[in-house]
>>> print(open('structure.cif').read())   # mmCIF, C-alpha atoms
data_protein
#
loop_
_atom_site.group_PDB
_atom_site.id
_atom_site.type_symbol
_atom_site.label_atom_id
_atom_site.label_comp_id
_atom_site.auth_asym_id
_atom_site.auth_seq_id
_atom_site.Cartn_x
_atom_site.Cartn_y
_atom_site.Cartn_z
ATOM 1 C CA MET A 1 -13.368 28.010 13.402
ATOM 2 C CA ASP A 2 -13.833 27.899 17.148
ATOM 3 C CA PRO A 3 -11.340 25.428 18.703
ATOM 4 C CA LYS A 4 -14.155 24.169 20.950
ATOM 5 C CA SER A 5 -16.480 23.377 18.045
ATOM 6 C CA ALA A 6 -17.310 19.767 17.157
ATOM 7 C CA GLU A 7 -15.760 20.084 13.691
ATOM 8 C CA PHE A 8 -12.471 21.201 15.239
ATOM 9 C CA THR A 9 -12.528 18.327 17.720
ATOM 10 C CA ALA A 10 -13.210 15.682 15.061
ATOM 11 C CA ASP A 11 -9.764 16.142 13.491
ATOM 12 C CA ASN A 12 -8.193 19.575 13.243
ATOM 13 C CA PRO A 13 -5.236 18.636 10.960
ATOM 14 C CA LEU A 14 -7.632 17.079 8.419
ATOM 15 C CA ARG A 15 -9.941 20.098 8.651
ATOM 16 C CA ILE A 16 -7.026 22.443 7.908
ATOM 17 C CA LEU A 17 -6.278 20.490 4.709
ATOM 18 C CA GLY A 18 -9.927 20.707 3.643
ATOM 19 C CA PHE A 19 -11.011 17.124 4.380
ATOM 20 C CA VAL A 20 -14.808 16.772 4.513
ATOM 21 C CA PHE A 21 -16.344 13.873 6.422
ATOM 22 C CA GLU A 22 -19.252 12.020 4.837
ATOM 23 C CA GLU A 23 -19.782 9.203 7.326
ATOM 24 C CA LEU A 24 -18.618 8.583 10.890
ATOM 25 C CA SER A 25 -19.612 5.365 12.632
ATOM 26 C CA ALA A 26 -18.174 2.383 14.483
ATOM 27 C CA THR A 27 -18.147 0.422 11.214
ATOM 28 C CA ARG A 28 -17.185 3.012 8.600
ATOM 29 C CA VAL A 29 -15.535 6.422 8.380
ATOM 30 C CA SER A 30 -15.378 8.172 5.015
ATOM 31 C CA GLY A 31 -14.845 11.533 3.396
ATOM 32 C CA ARG A 32 -13.264 13.537 0.602
ATOM 33 C CA LEU A 33 -10.293 15.791 0.031
ATOM 34 C CA ALA A 34 -9.549 18.067 -2.897
ATOM 35 C CA VAL A 35 -5.843 17.845 -3.739
ATOM 36 C CA THR A 36 -4.633 21.433 -3.329
ATOM 37 C CA ASP A 37 -1.254 23.118 -2.887
ATOM 38 C CA LYS A 38 -1.683 22.640 0.894
ATOM 39 C CA CYS A 39 -1.368 18.857 0.572
ATOM 40 C CA CYS A 40 1.028 18.439 -2.370
ATOM 41 C CA GLN A 41 4.715 17.692 -2.425
ATOM 42 C CA PRO A 42 6.954 19.696 -4.827
ATOM 43 C CA PHE A 43 5.999 17.586 -7.859
ATOM 44 C CA LYS A 44 2.332 18.629 -7.497
ATOM 45 C CA VAL A 45 1.022 15.264 -6.289
ATOM 46 C CA LEU A 46 -0.558 14.327 -2.961
ATOM 47 C CA HIS A 47 2.129 14.058 -0.291
ATOM 48 C CA GLY A 48 2.466 10.541 1.127
ATOM 49 C CA GLY A 49 2.417 12.008 4.626
ATOM 50 C CA VAL A 50 -1.034 13.436 3.930
ATOM 51 C CA SER A 51 -2.250 9.973 2.924
ATOM 52 C CA ALA A 52 -0.831 8.675 6.215
ATOM 53 C CA LEU A 53 -2.501 11.526 8.122
ATOM 54 C CA ILE A 54 -5.848 10.629 6.558
ATOM 55 C CA ALA A 55 -5.345 6.948 7.414
ATOM 56 C CA GLU A 56 -4.458 7.662 11.038
ATOM 57 C CA GLY A 57 -7.257 10.200 11.406
ATOM 58 C CA LEU A 58 -10.056 8.078 9.966
ATOM 59 C CA ALA A 59 -8.978 4.919 11.793
ATOM 60 C CA SER A 60 -8.658 6.796 15.088
ATOM 61 C CA LEU A 61 -12.106 8.359 14.797
ATOM 62 C CA GLY A 62 -13.723 5.034 13.936
ATOM 63 C CA ALA A 63 -11.884 3.233 16.715
ATOM 64 C CA GLY A 64 -12.886 5.925 19.193
ATOM 65 C CA ILE A 65 -16.538 5.493 18.284
ATOM 66 C CA ALA A 66 -16.255 1.677 18.328
ATOM 67 C CA SER A 67 -14.718 1.803 21.818
ATOM 68 C CA GLY A 68 -17.701 3.725 23.167
ATOM 69 C CA TYR A 69 -16.014 7.125 22.847
ATOM 70 C CA LYS A 70 -13.000 6.122 24.859
ATOM 71 C CA ARG A 71 -9.544 7.428 24.054
ATOM 72 C CA VAL A 72 -7.523 5.544 21.431
ATOM 73 C CA ALA A 73 -3.889 5.797 20.383
ATOM 74 C CA GLY A 74 -2.305 4.605 17.151
ATOM 75 C CA VAL A 75 0.623 2.252 17.723
ATOM 76 C CA HIS A 76 1.361 1.106 14.164
ATOM 77 C CA LEU A 77 0.677 2.394 10.663
ATOM 78 C CA SER A 78 1.541 0.504 7.492
ATOM 79 C CA ILE A 79 0.826 2.223 4.183
ATOM 80 C CA HIS A 80 1.306 1.262 0.553
ATOM 81 C CA HIS A 81 1.260 4.035 -2.047
ATOM 82 C CA VAL A 82 -0.085 2.564 -5.294
ATOM 83 C CA ARG A 83 -0.367 5.597 -7.587
ATOM 84 C CA PRO A 84 -0.296 9.394 -7.303
ATOM 85 C CA ALA A 85 -3.191 11.811 -7.071
ATOM 86 C CA ALA A 86 -2.348 15.063 -8.846
ATOM 87 C CA LEU A 87 -3.046 18.653 -7.932
ATOM 88 C CA GLY A 88 -6.701 19.405 -8.742
ATOM 89 C CA GLU A 89 -7.922 15.827 -8.373
ATOM 90 C CA SER A 90 -10.332 14.630 -5.719
ATOM 91 C CA VAL A 91 -9.580 11.865 -3.213
ATOM 92 C CA PHE A 92 -12.201 9.662 -1.567
ATOM 93 C CA ALA A 93 -11.161 7.888 1.646
ATOM 94 C CA GLU A 94 -12.853 5.198 3.669
ATOM 95 C CA SER A 95 -11.923 3.217 6.736
ATOM 96 C CA PHE A 96 -13.447 0.124 8.254
ATOM 97 C CA PRO A 97 -12.545 -2.187 11.143
ATOM 98 C CA VAL A 98 -10.688 -5.433 10.538
ATOM 99 C CA SER A 99 -10.678 -6.383 14.227
ATOM 100 C CA VAL A 100 -12.275 -4.636 17.205
ATOM 101 C CA GLY A 101 -11.136 -5.953 20.562
ATOM 102 C CA LYS A 102 -11.334 -4.549 24.057
ATOM 103 C CA ASN A 103 -7.728 -3.310 24.019
ATOM 104 C CA ILE A 104 -6.565 -3.497 20.382
ATOM 105 C CA GLN A 105 -8.284 -2.488 17.147
ATOM 106 C CA VAL A 106 -7.066 -2.830 13.566
ATOM 107 C CA TRP A 107 -8.554 -0.655 10.822
ATOM 108 C CA GLU A 108 -8.124 -0.759 7.034
ATOM 109 C CA VAL A 109 -8.022 2.577 5.201
ATOM 110 C CA ARG A 110 -8.242 2.995 1.432
ATOM 111 C CA LEU A 111 -7.811 6.139 -0.624
ATOM 112 C CA TRP A 112 -8.961 6.520 -4.232
ATOM 113 C CA LYS A 113 -8.697 9.341 -6.687
ATOM 114 C CA THR A 114 -12.024 10.072 -8.297
ATOM 115 C CA LYS A 115 -13.224 11.829 -11.417
ATOM 116 C CA GLU A 116 -16.777 12.211 -12.591
ATOM 117 C CA THR A 117 -16.001 10.547 -15.923
ATOM 118 C CA GLU A 118 -13.876 7.650 -14.613
ATOM 119 C CA LYS A 119 -14.071 4.868 -12.079
ATOM 120 C CA LYS A 120 -12.173 5.463 -8.879
ATOM 121 C CA LYS A 121 -8.520 4.385 -8.848
ATOM 122 C CA MET A 122 -6.815 3.309 -5.625
ATOM 123 C CA ILE A 123 -3.919 5.518 -4.562
ATOM 124 C CA SER A 124 -3.094 3.940 -1.183
ATOM 125 C CA THR A 125 -4.082 1.251 1.257
ATOM 126 C CA SER A 126 -3.218 1.249 4.956
ATOM 127 C CA ARG A 127 -3.558 -0.752 8.146
ATOM 128 C CA VAL A 128 -3.686 1.092 11.445
ATOM 129 C CA THR A 129 -3.350 -0.675 14.800
ATOM 130 C CA LEU A 130 -4.673 1.204 17.814
ATOM 131 C CA LEU A 131 -4.809 0.770 21.570
ATOM 132 C CA SER A 132 -8.377 1.399 22.695
ATOM 133 C CA GLY A 133 -10.222 2.100 25.909
ATOM 134 C CA LEU A 134 -7.541 4.392 27.311
ATOM 135 C CA PRO A 135 -8.559 6.882 30.016
ATOM 136 C CA VAL A 136 -9.403 10.375 28.794
ATOM 137 C CA PRO A 137 -7.356 13.146 30.454
ATOM 138 C CA ASP A 138 -9.393 15.604 32.516
ATOM 139 C CA HIS A 139 -8.489 18.529 30.241
ATOM 140 C CA ALA A 140 -10.041 16.722 27.237
ATOM 141 C CA LYS A 141 -13.283 15.378 28.757
ATOM 142 C CA ASP A 142 -15.469 17.930 26.913
ATOM 143 C CA SER A 143 -13.964 16.846 23.577
ATOM 144 C CA LEU A 144 -15.871 13.557 23.721
ATOM 145 C CA ASP A 145 -19.248 15.315 24.001
ATOM 146 C CA GLN A 146 -18.339 17.575 21.082
ATOM 147 C CA LEU A 147 -17.272 14.572 18.997
ATOM 148 C CA LYS A 148 -20.565 12.802 19.768
ATOM 149 C CA LYS A 149 -22.463 15.899 18.549
ATOM 150 C CA PHE A 150 -20.422 15.975 15.333
ATOM 151 C CA VAL A 151 -21.047 12.266 14.693
ATOM 152 C CA SER A 152 -24.784 12.716 15.248
ATOM 153 C CA LYS A 153 -24.859 15.451 12.544
ATOM 154 C CA LEU A 154 -23.596 13.108 9.817
#
>>> encode(input="structure.cif", output="structure tokens")
Amino acid sequence: MDPKSAEFTADNPLRILGFVFEELSATRVSGRLAVTDKCCQPFKVLHGGVSALIAEGLASLGAGIASGYKRVAGVHLSIHHVRPAALGESVFAESFPVSVGKNIQVWEVRLWKTKETEKKKMISTSRVTLLSGLPVPDHAKDSLDQLKKFVSKL
């Protein structure tokens, strides 16, 4: 994938793991991930760091949109791992704002494992606190336009 493409800009680490966005807005960010070898720890379950990566990524994207496409930076992540998701399972993730202020935002992120025959079961819940409205460095100014294009496609 072209590093200047909108999909790359949205969140390259999540893209590499195979995360697929379903919704991107100022009030909700969601998507899915198939649990593959790329995201498992040695015991063939989803690595806790991947759950944290998803939490930080979804909250940051939502906060960026909510701030009017200004730069945001995570300053605190708290995550509780409730149950494992095994190799071959599917994970659904969603994030929504708890508080959106001018300078600070707090987002809740929940991950569930899903199967067609069962109800979803929560695997983790997170809170992400972000600074918002930060200036965008000159070298990254075009990233905001690409992100806006990606958001408009969903």
>>> atom_distance(input="structure.cif", atom1="CA of Lys148 in chain A", atom2="CA of Thr129 in chain A")
22.4 Å
>>> resolve_selection(input="structure.cif", expression="the PyMOL selection byres ((chain A and resi 119-121) around 12)", output="NGL selection string")
:A and (81-85 or 89-93 or 110-118 or 122-125)
>>> axis_aligned_box(input="structure.cif", around="range 115-130 of chain A", padding_each_side="8 Å", output="AutoDock Vina command-line options")
--center_x -9.9 --center_y 5.7 --center_z 0.9 --size_x 29.7 --size_y 29.0 --size_z 49.7
>>> atom_distance(input="structure.cif", atom1="CA of Ala86 in chain A", atom2="CA of Gly74 in chain A")
28.0 Å
>>> closest_residue(input="structure.cif", among="A:Gly68, A:Pro13, A:Gly88, A:Pro137", to="Ala52 in chain A", atoms="all atoms listed in the file")
A:Pro13
>>> resolve_selection(input="structure.cif", expression="the PyMOL selection byres ((chain A and resi 40) around 12)", output="MDAnalysis selection string")
chainID A and resid 17 33:39 41:51 84:89
>>> resolve_selection(input="structure.cif", expression="the PyMOL selection byres ((chain A and resi 58) around 9)", output="list in words")
Asp11, Leu24, Arg28, Val29, Ser30, Gly31, Leu53, Ile54, Ala55, Glu56, Gly57, Ala59, Ser60, Leu61, Gly62, Ala63, Ala93, Glu94, Ser95, Phe96, Trp107 and Val109 of chain A
>>> atom_distance(input="structure.cif", atom1="CA of Val98 in chain A", atom2="CA of Glu22 in chain A")
20.3 Å
>>> residues_around(input="structure.cif", residues="Lys102 in chain A", least_positions_apart="6", cutoff="8 Å", atoms="all atoms listed in the file", output="ChimeraX atom specification")
/A:67,132-133
>>> write_last_selection(input="structure.cif", atoms="C-alpha atoms", output="tab-separated table (two decimals), keeping the file's coordinate frame")
chain	number	residue	atom	x	y	z
A	67	SER	CA	-14.72	1.80	21.82
A	132	SER	CA	-8.38	1.40	22.70
A	133	GLY	CA	-10.22	2.10	25.91
>>> residues_around(input="structure.cif", residues="His76 in chain A", least_positions_apart="4", cutoff="10 Å", atoms="all atoms listed in the file", output="list of chain:residue names")
A:Glu56, A:Val106, A:Arg127, A:Val128, A:Thr129, A:Leu130, A:Leu131
>>> residues_around(input="structure.cif", residues="Val151 in chain A", least_positions_apart="6", cutoff="10 Å", atoms="all atoms listed in the file", output="ChimeraX atom specification")
/A:6-7,10,21,23-25,61,65,145
>>> closest_residue(input="structure.cif", among="A:Lys141, A:Ser126, A:His80, A:Ala73", to="Asn103 in chain A", atoms="all atoms listed in the file")
A:Ala73
